[in-house]
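Worksheet: one structure, shown below.
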Amino acid sequence: MSEIELQWNGFFWEASISDVAWSGFQERKGPYGAISSNKPSLGDVTVVFAPEGRGDDPLNAEELSLVSWFLAHQQEVADAVVDLLFNSYWEIKAGYIEEFGEEISEAFPDIKSKSDVKQLVGIVSVNIHQVSKDDIPYIGVEMGCNWEEEHGLGFLLHGREVVDLGGADTAILLWKARQHANKT
């Protein structure tokens with residue numbers, strides 16, 4: 001996939017895409033990233049350009065190149081998210097149990113593989129920020145997850161490199177991308 005047609009929705013530019021990189025996750029198209037199907041996702045995701053801090057002017061050539069970079073590297077971005085989540089899963093579980101008590105552990109079944117992780121989270125949107133460093137975009141992956149219904153889960157990446165993991169807002173906040181881009 002080399003191009004998509006982004007449409008202005010009154011708040012930001014967005015498009016629906018489908019790519020195998022995003023398949024196998026939970027289907028999270030319900031309100032606030034709620035599960036919308038018991039079947040795994042076939043890879044349909046909403047791509048958002050500039051989730052905050054940009055007007056409705058059509059995308060310029062530099063911005064389109066950031067979108068193109070993402071489209072060419074979707075599998076690597078998805079793999080980075082799954083890798084970090086798989087490698088951090090037990091630490092995340094321990095933190096939630098410490099904060100909310102043992103009963104939250106029901107939301108954290110035992111996992112043995114990266115595909116097991118995909119069954120516990122789903123993509124709400126992939127956000128391409130209008131910020132880049134070395135011509136590589138900052139990308140936020142907003143997810144819903146079994147253990148955090150209210151705040152979800154969010155990743156901020158610089159290309160394939162995960163910069164931050166936190167609540168769903170981590171994927172959307174422009175200042176986080178700018179802060180990392182401005183580090184020398």
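Chains: A, B, ... in order of the structure tokens. Residues: from 1 per chain. Ligands: from 1, in order shown.
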**Report entry** Filtered DSSP result for range 13-68 of chain A, state strand (DSSP E or B), as a ChimeraX atom specification
**Finding:** /A:13-18,26-27,37,44-49
Report task. For Ala34 in chain A, please output as a PyMOL selection string all residues within 10 Å (counting only C-alpha atoms; exclusion window: fewer than 5 positions along the same chain). Result -> chain A and resi 26-29+122+124+143-146+149-150+152
Requested in this report: Pick out the residues sitting within 9 Å of Asp164 in chain A, and hand them over as a VMD selection string; count only C-alpha atoms, and ignore anything fewer than 2 positions along from it in its own chain.
Outcome: chain A and resid 154 to 157 162 166 170 to 171 176
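Taking only C-alpha atoms into account, Glu148 in chain A lies nearest to A:Ser105 out of the set A:Asn38, A:Ser16, A:Asn60, A:Ser105.
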Requested in this report: Pick out the residues sitting within 10 Å of range 63-74 of chain A, and hand them over as a PyMOL selection string; count only C-alpha atoms, and ignore anything fewer than 4 positions along from it in its own chain.
Outcome: chain A and resi 1-4+6+17+19-22+47-50+58-59+78-80+126-132+135-139+159-160
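You can rank A:Glu14, A:Asp56, A:Glu106, A:Ile123 by their closest distance to Ser36 in chain A using only C-alpha atoms, and at the top of that list sits A:Ile123.
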